[in-house]
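What follows is the content of coords.txt (compact mmCIF, C-alpha atoms).
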# COMPACT_ATOMS: atom_id res chain seq x y z
CA MET J 1 -100.76 -8.34 82.92
CA MET J 2 -104.40 -9.14 82.08
CA PRO J 3 -106.54 -6.10 82.94
CA ASN J 4 -109.45 -6.59 85.29
CA LEU J 5 -112.47 -6.29 82.99
CA GLY J 6 -114.95 -6.70 85.84
CA THR J 7 -118.59 -7.28 84.95
CA TYR J 8 -118.01 -6.34 81.29
CA ALA J 9 -115.50 -9.11 80.53
CA PHE J 10 -117.94 -10.96 78.23
CA GLU J 11 -118.69 -7.88 76.10
CA VAL J 12 -115.05 -6.78 75.78
CA LEU J 13 -113.59 -10.23 75.11
CA SER J 14 -116.38 -11.17 72.68
CA SER J 15 -115.77 -7.95 70.72
CA TYR J 16 -112.08 -8.70 70.34
CA ALA J 17 -112.66 -12.39 69.55
CA ALA J 18 -115.31 -11.64 66.88
CA THR J 19 -113.08 -9.00 65.28
CA LEU J 20 -110.02 -11.25 65.15
CA VAL J 21 -112.04 -14.18 63.74
CA LEU J 22 -113.67 -12.02 61.04
CA ILE J 23 -110.38 -10.39 59.99
CA ALA J 24 -108.61 -13.78 59.95
CA GLY J 25 -111.45 -15.19 57.82
CA LEU J 26 -111.24 -12.25 55.40
CA LEU J 27 -107.46 -12.71 55.09
CA ILE J 28 -107.75 -16.46 54.47
CA VAL J 29 -110.49 -16.09 51.83
CA THR J 30 -108.61 -13.23 50.14
CA LEU J 31 -105.28 -15.08 49.96
CA ARG J 32 -106.81 -18.41 48.83
CA ARG J 33 -108.85 -16.74 46.08
CA GLY J 34 -105.81 -14.69 45.03
CA MET J 35 -103.57 -17.74 44.76
CA ARG J 36 -106.21 -19.66 42.76
CA ALA J 37 -106.67 -16.70 40.36
CA ARG J 38 -102.93 -16.29 39.83
CA ASP J 39 -102.57 -20.06 39.21
CA ALA J 40 -105.42 -19.96 36.68
CA LEU J 41 -103.80 -17.04 34.85
CA ARG J 42 -100.41 -18.79 34.76
CA ARG J 43 -102.01 -21.95 33.31
CA MET J 44 -103.87 -19.92 30.68
CA GLU J 45 -100.71 -18.03 29.69
CA GLU J 46 -98.79 -21.32 29.34
CA GLU J 47 -101.59 -22.80 27.27
CA THR J 48 -101.75 -19.69 25.06
CA ALA J 49 -97.97 -19.85 24.54
CA ARG J 50 -98.17 -23.57 23.62
CA HIS J 51 -101.11 -22.91 21.30
CA GLY J 52 -99.18 -20.08 19.61
CA LYS J 53 -96.19 -22.36 18.99
CA GLY J 54 -98.27 -25.21 17.66
CA MET F 1 -95.85 11.08 35.22
CA SER F 2 -99.63 11.13 35.63
CA PHE F 3 -102.02 9.45 38.06
CA TRP F 4 -103.94 8.11 35.07
CA GLU F 5 -101.07 5.93 33.89
CA TYR F 6 -102.01 3.53 36.71
CA ALA F 7 -105.21 2.81 34.78
CA ASN F 8 -102.92 0.52 32.79
CA PRO F 9 -103.14 -2.87 34.60
CA VAL F 10 -99.43 -3.62 34.09
CA LYS F 11 -98.37 -0.33 35.65
CA PHE F 12 -100.95 -0.70 38.41
CA LEU F 13 -99.68 -4.19 39.27
CA ALA F 14 -96.05 -2.99 39.28
CA LEU F 15 -96.92 -0.15 41.69
CA SER F 16 -99.05 -2.49 43.80
CA ALA F 17 -96.16 -4.98 44.11
CA ARG F 18 -93.90 -2.20 45.37
CA VAL F 19 -96.42 -0.80 47.89
CA GLN F 20 -97.85 -4.07 49.27
CA PRO F 21 -94.90 -5.28 51.40
CA PHE F 22 -94.84 -1.94 53.23
CA ALA F 23 -98.64 -1.85 53.59
CA TRP F 24 -98.93 -5.42 54.96
CA GLY F 25 -96.01 -4.94 57.38
CA ALA F 26 -97.11 -1.53 58.63
CA ALA F 27 -100.73 -2.75 58.99
CA ALA F 28 -99.62 -5.71 61.14
CA VAL F 29 -97.48 -3.44 63.34
CA GLY F 30 -100.18 -0.74 63.60
CA ILE F 31 -102.97 -3.15 64.54
CA PHE F 32 -100.80 -5.12 66.97
CA VAL F 33 -99.45 -2.03 68.75
CA GLY F 34 -102.82 -0.24 68.76
CA LEU F 35 -104.77 -3.19 70.16
CA VAL F 36 -102.17 -4.35 72.69
CA TRP F 37 -101.64 -0.76 73.89
CA GLY F 38 -105.37 -0.13 74.10
CA PHE F 39 -106.33 -3.43 75.70
CA PHE F 40 -103.52 -3.89 78.23
CA PHE F 41 -102.10 -0.45 78.93
CA THR F 42 -105.00 2.01 79.12
CA PRO F 43 -107.18 2.66 82.17
CA ASP F 44 -110.93 2.10 82.50
CA ASP F 45 -113.14 5.07 81.64
CA PHE F 46 -114.77 6.64 84.69
CA ARG F 47 -118.26 6.18 83.19
CA GLN F 48 -117.93 3.27 80.76
CA GLY F 49 -115.57 1.11 82.80
CA SER F 50 -113.64 -1.55 80.90
CA THR F 51 -116.00 -1.37 77.89
CA ILE F 52 -113.97 1.63 76.67
CA ARG F 53 -111.54 -0.99 75.27
CA ILE F 54 -114.10 -1.79 72.56
CA ILE F 55 -113.34 1.66 71.09
CA TYR F 56 -110.02 0.38 69.66
CA ILE F 57 -111.85 -1.99 67.29
CA HIS F 58 -115.28 -0.37 66.95
CA VAL F 59 -114.12 3.06 65.74
CA PRO F 60 -111.45 1.80 63.27
CA SER F 61 -113.83 -0.76 61.74
CA ALA F 62 -116.64 1.82 61.38
CA TRP F 63 -114.09 4.28 59.92
CA ILE F 64 -113.09 1.73 57.27
CA ALA F 65 -116.70 0.65 56.61
CA ILE F 66 -117.66 4.23 55.70
CA ASN F 67 -114.45 5.24 53.93
CA ALA F 68 -114.33 2.02 51.90
CA TRP F 69 -117.66 3.04 50.38
CA ILE F 70 -116.29 6.54 49.69
CA MET F 71 -113.28 4.94 47.97
CA MET F 72 -115.68 2.75 45.94
CA LEU F 73 -117.66 5.87 45.02
CA ILE F 74 -114.53 7.60 43.66
CA ALA F 75 -113.47 4.46 41.76
CA SER F 76 -117.02 4.07 40.37
CA LEU F 77 -117.08 7.69 39.18
CA ILE F 78 -113.73 7.15 37.45
CA TRP F 79 -115.20 4.08 35.74
CA LEU F 80 -118.36 5.92 34.67
CA VAL F 81 -116.49 8.95 33.35
CA ARG F 82 -113.22 7.56 32.01
CA ARG F 83 -113.99 3.82 31.56
CA HIS F 84 -110.80 2.60 33.26
CA HIS F 85 -111.27 -1.09 34.05
CA VAL F 86 -108.81 -1.07 36.95
CA SER F 87 -110.95 1.44 38.83
CA ALA F 88 -114.11 -0.69 38.44
CA LEU F 89 -112.16 -3.75 39.62
CA ALA F 90 -110.73 -1.80 42.59
CA ALA F 91 -114.28 -0.88 43.65
CA LYS F 92 -115.35 -4.52 43.32
CA ALA F 93 -112.28 -5.62 45.33
CA ALA F 94 -112.99 -3.17 48.17
CA ALA F 95 -116.63 -4.20 48.74
CA PRO F 96 -116.08 -7.45 50.72
CA VAL F 97 -113.51 -5.68 52.90
CA GLY F 98 -116.01 -2.91 53.61
CA LEU F 99 -118.71 -5.50 54.29
CA VAL F 100 -116.61 -7.33 56.89
CA MET F 101 -115.71 -4.01 58.57
CA THR F 102 -119.40 -3.07 58.66
CA VAL F 103 -120.23 -6.40 60.33
CA ILE F 104 -117.46 -5.80 62.89
CA GLY F 105 -118.79 -2.29 63.51
CA LEU F 106 -122.35 -3.57 64.01
CA LEU F 107 -121.32 -6.49 66.25
CA THR F 108 -118.97 -4.51 68.47
CA GLY F 109 -121.49 -1.68 68.60
CA ALA F 110 -124.16 -4.08 69.86
CA LEU F 111 -121.76 -5.58 72.41
CA TRP F 112 -120.85 -2.09 73.61
CA GLY F 113 -124.40 -0.78 73.50
CA GLN F 114 -125.90 -3.52 75.66
CA PRO F 115 -124.08 -2.63 78.91
CA MET F 116 -124.01 1.16 78.23
CA TRP F 117 -127.50 1.79 76.79
CA GLY F 118 -129.25 -1.29 78.14
CA THR F 119 -130.04 -2.55 74.64
CA TRP F 120 -128.23 -4.36 71.83
CA TRP F 121 -129.91 -2.26 69.18
CA ALA F 122 -131.87 0.97 68.79
CA TRP F 123 -133.36 2.59 65.69
CA ASP F 124 -131.05 5.52 66.20
CA PRO F 125 -130.21 7.61 63.06
CA ARG F 126 -126.54 6.61 62.99
CA LEU F 127 -127.19 2.92 63.70
CA THR F 128 -130.00 2.75 61.16
CA SER F 129 -127.97 4.39 58.39
CA PHE F 130 -125.06 2.07 59.22
CA LEU F 131 -127.35 -0.97 58.95
CA THR F 132 -128.59 0.39 55.60
CA LEU F 133 -124.96 0.71 54.49
CA PHE F 134 -124.51 -2.99 55.38
CA LEU F 135 -127.49 -3.86 53.16
CA PHE F 136 -126.02 -1.77 50.34
CA TYR F 137 -122.75 -3.68 50.62
CA LEU F 138 -124.67 -6.97 50.31
CA GLY F 139 -126.63 -5.64 47.33
CA TYR F 140 -123.50 -4.31 45.64
CA ILE F 141 -121.67 -7.65 45.94
CA ALA F 142 -124.77 -9.58 44.82
CA LEU F 143 -125.16 -7.33 41.76
CA TRP F 144 -121.58 -8.00 40.66
CA GLN F 145 -122.26 -11.75 41.00
CA ALA F 146 -125.60 -11.61 39.20
CA ILE F 147 -124.51 -9.97 35.92
CA GLU F 148 -122.37 -11.92 33.49
CA ASP F 149 -121.10 -9.09 31.28
CA PRO F 150 -118.38 -7.34 33.34
CA ASP F 151 -118.87 -3.88 31.81
CA THR F 152 -122.62 -3.95 32.42
CA ALA F 153 -121.98 -5.16 35.97
CA ALA F 154 -119.51 -2.31 36.49
CA ASP F 155 -122.04 0.23 35.16
CA LEU F 156 -124.92 -0.96 37.33
CA THR F 157 -122.85 -1.42 40.50
CA SER F 158 -121.41 2.09 39.99
CA VAL F 159 -124.92 3.54 39.94
CA LEU F 160 -125.81 1.53 43.06
CA CYS F 161 -122.65 2.87 44.69
CA LEU F 162 -123.71 6.46 43.96
CA VAL F 163 -127.07 5.84 45.63
CA GLY F 164 -125.50 4.07 48.63
CA SER F 165 -123.15 6.99 49.21
CA VAL F 166 -126.02 8.87 50.79
CA PHE F 167 -126.12 6.26 53.57
CA ALA F 168 -122.33 6.14 53.92
CA LEU F 169 -122.29 9.90 54.48
CA MET F 170 -125.35 9.68 56.72
CA SER F 171 -123.60 7.06 58.88
CA ARG F 172 -120.83 9.58 59.40
CA TYR F 173 -122.89 12.73 59.86
CA ALA F 174 -126.25 11.48 61.20
CA VAL F 175 -125.34 12.60 64.71
CA LEU F 176 -124.96 16.14 63.40
CA PHE F 177 -128.19 16.14 61.37
CA TRP F 178 -130.40 14.74 64.13
CA ASN F 179 -129.89 15.34 67.79
CA GLN F 180 -132.08 12.48 68.96
CA GLY F 181 -130.67 8.98 69.31
CA LEU F 182 -128.37 7.10 71.64
CA HIS F 183 -125.14 7.23 69.69
CA GLN F 184 -122.58 9.77 70.87
CA GLY F 185 -121.10 12.49 68.64
CA ALA F 186 -117.77 12.30 66.88
CA THR F 187 -115.08 10.36 68.77
CA LEU F 188 -112.29 12.13 66.94
CA SER F 189 -112.52 15.85 66.41
CA LEU F 190 -110.18 18.66 65.45
CA ASP F 191 -111.67 20.55 68.40
CA LYS F 192 -109.50 19.61 71.40
CA GLU F 193 -112.35 20.26 73.83
CA GLU F 194 -114.55 17.66 72.11
CA ASN F 195 -111.85 15.03 71.68
CA ILE F 196 -111.37 11.99 73.88
CA SER F 197 -108.55 12.06 76.42
CA ASP F 198 -104.97 11.55 75.13
CA VAL F 199 -104.63 8.31 77.07
CA PHE F 200 -107.30 6.76 74.81
CA TRP F 201 -106.60 8.88 71.72
CA PHE F 202 -103.02 7.71 70.99
CA PRO F 203 -103.72 3.94 70.94
CA LEU F 204 -106.96 4.62 69.04
CA ILE F 205 -105.23 6.60 66.30
CA THR F 206 -102.56 3.85 66.06
CA SER F 207 -105.28 1.23 65.61
CA ILE F 208 -107.07 3.37 63.00
CA ALA F 209 -103.79 3.74 61.07
CA GLY F 210 -103.29 -0.05 61.24
CA PHE F 211 -106.83 -0.78 59.99
CA THR F 212 -106.42 1.80 57.18
CA LEU F 213 -103.15 0.20 56.03
CA LEU F 214 -104.78 -3.24 56.20
CA PHE F 215 -107.57 -1.94 53.97
CA ILE F 216 -105.03 -0.56 51.47
CA ALA F 217 -103.06 -3.84 51.43
CA LEU F 218 -106.22 -5.94 51.02
CA VAL F 219 -107.63 -3.75 48.23
CA LEU F 220 -104.33 -3.77 46.31
CA TYR F 221 -104.06 -7.56 46.60
CA ARG F 222 -107.71 -8.18 45.76
CA THR F 223 -107.58 -5.81 42.77
CA GLY F 224 -104.61 -7.85 41.51
CA THR F 225 -106.76 -10.96 41.91
CA GLU F 226 -109.60 -9.41 39.89
CA ILE F 227 -107.16 -8.35 37.13
CA SER F 228 -105.74 -11.91 37.01
CA LEU F 229 -109.22 -13.43 36.79
CA ARG F 230 -110.26 -10.98 34.05
CA ARG F 231 -107.12 -11.73 32.01
CA ALA F 232 -107.45 -15.51 32.52
CA ARG F 233 -111.05 -15.34 31.27
CA ALA F 234 -110.03 -13.29 28.23
CA LEU F 235 -107.26 -15.75 27.34
CA GLY F 236 -109.65 -18.68 27.83
CA ALA F 237 -112.21 -17.07 25.51
CA ARG F 238 -109.52 -16.42 22.87
CA LEU F 239 -108.34 -20.05 23.03
CA GLU F 240 -111.91 -21.28 22.71
CA LYS F 241 -112.47 -19.11 19.65
CA GLU F 242 -109.30 -20.33 17.99
CA ALA F 243 -110.03 -24.01 18.74

Before anything else, please render the file you have as structure tokens.
Amino acid sequence: MMPNLGTYAFEVLSSYAATLVLIAGLLIVTLRRGMRARDALRRMEEETARHGKG
Amino acid sequence: MSFWEYANPVKFLALSARVQPFAWGAAAVGIFVGLVWGFFFTPDDFRQGSTIRIIYIHVPSAWIAINAWIMMLIASLIWLVRRHHVSALAAKAAAPVGLVMTVIGLLTGALWGQPMWGTWWAWDPRLTSFLTLFLFYLGYIALWQAIEDPDTAADLTSVLCLVGSVFALMSRYAVLFWNQGLHQGATLSLDKEENISDVFWFPLITSIAGFTLLFIALVLYRTGTEISLRRARALGARLEKEA
């Protein structure tokens, strides 16, 4: 199944590994920041609603 | 119905919520199929050996790195001309994605260049303009961070984006302007004679489609994040004023 990469195995495998790590990192940072921002907005909206009632 | 109605954040977010599930799913399928097909089921190139497999990540990442900047340019022009906040926030949201793709393009290019050219790096026109594009991405992100007033930040980053577009276009067309340099010409061409063989072309185009859809999904999600942050800040400021 695994292709024979010969003398270039390091270059090919490193390219794929670096790409997957960087994309995974980008996804994690994006989703974490997105969830924090949406939580912050929800809290602010709740506080504004409470403030409006009071 | 007009394109401009999506300048309204509520309408933009509604459209984004409808598009995102498709974009995330199709991106995952496209990238998985393109990379597995390219890595496991394509032959070695008769000159480049197994390093040809780097093409399935190098070309899509470079494609996104350049086109992300073009997308930012269009969004910046919309901001400068029509003052739609969503477009400025979309440009801001796209920059880190473009930066990561530029890093991937530079890294995989170096890893491919070493065995093929005998060097990790050369001051070749395309490589140099691509490195300059990387520096512009860093500068663009830093400028957004450095300026407190969001409208001023959007104005100044839009101008920086206009200037950086020269290097984005140069990264794409440098091989046509200057004949010297190590980097090959276009990998994908409408001219069949110039194009790479079908056995490499089909998995490559699948991978490019996957990367493009990933970019769309990420920019939609990140623009939603920027809109949420902007609205949370506005509500916070209003509460502070009323207190």

- Find the residues of chain F in contact range of chain J, meaning any atom within 10 Å when counting all atoms listed in the file, and list them as an NGL selection string. :F and (35 or 39-44 or 48-58 or 61 or 93 or 96-97 or 100-101 or 103-105 or 107-115 or 214 or 218-219 or 221-236 or 238-239 or 242-243)

- Spatial neighbours of Thr157 in chain F, max dist 10 Å, all atoms listed in the file, sep filter under 6 positions, as a list in words: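 Everything that qualifies: Met72, Ser76, Ala88, Ala91, Lys92, Gly139, Tyr140, Ile141, Ala142, Leu143, Trp144, Ile147, Asp151 and Val163 of chain F.
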
Could the centre and edge lengths of an axis-aligned box, enclosing all atoms of range 9-27 of chain J in the file with 8 Å extra on each side, be given in Å to one decimal as lines of an AutoDock Vina configuration file?
center_x = -113.1
center_y = -11.0
center_z = 67.8
size_x = 27.2
size_y = 24.4
size_z = 41.4

- Task: In Å, rounded to a single decimal, give me how far CA of His85 in chain F is from CA of Leu99 in chain F.
- Result: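 CA of His85 in chain F lies 22.0 Å from CA of Leu99 in chain F.
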
- Give me, please, the distance in Å between CA of Trp123 in chain F and CA of Ser171 in chain F, quoted to one decimal.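 Computing the Euclidean distance for CA of Trp123 in chain F and CA of Ser171 in chain F yields 12.7 Å.
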
- Of the candidates F:Ile78, F:Leu133, F:Ala168, F:Leu213, which shows the shortest atom-to-atom distance to Trp4 in chain F, using all atoms listed in the file?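 For Trp4 in chain F, the nearest of the given residues is F:Ile78.
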
- Query: What does the distance from CA of Pro125 in chain F to CA of Val21 in chain J come to in Å, to one decimal?
  - Reply: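 Atom-to-atom, CA of Pro125 in chain F and CA of Val21 in chain J are spaced 28.4 Å apart.
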
- Give as a PyMOL selection string each residue that has an atom at most 6 Å from (-128.6, 6.0, 58.3) in the file, counting only C-alpha atoms. chain F and resi 125-126+128-130+167+170-171

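Near Ala27 in chain F, within 10 Å and counting all atoms listed in the file, sit Pro21, Phe22, Ala23, Trp24, Gly30, Ile31, Phe32, Val33, Thr206, Ser207, Ile208, Ala209, Gly210, Phe211, Thr212, Leu213, Leu214, Phe215, Ile216 and Ala217 of chain F; same-chain residues fewer than 3 positions away were not included.
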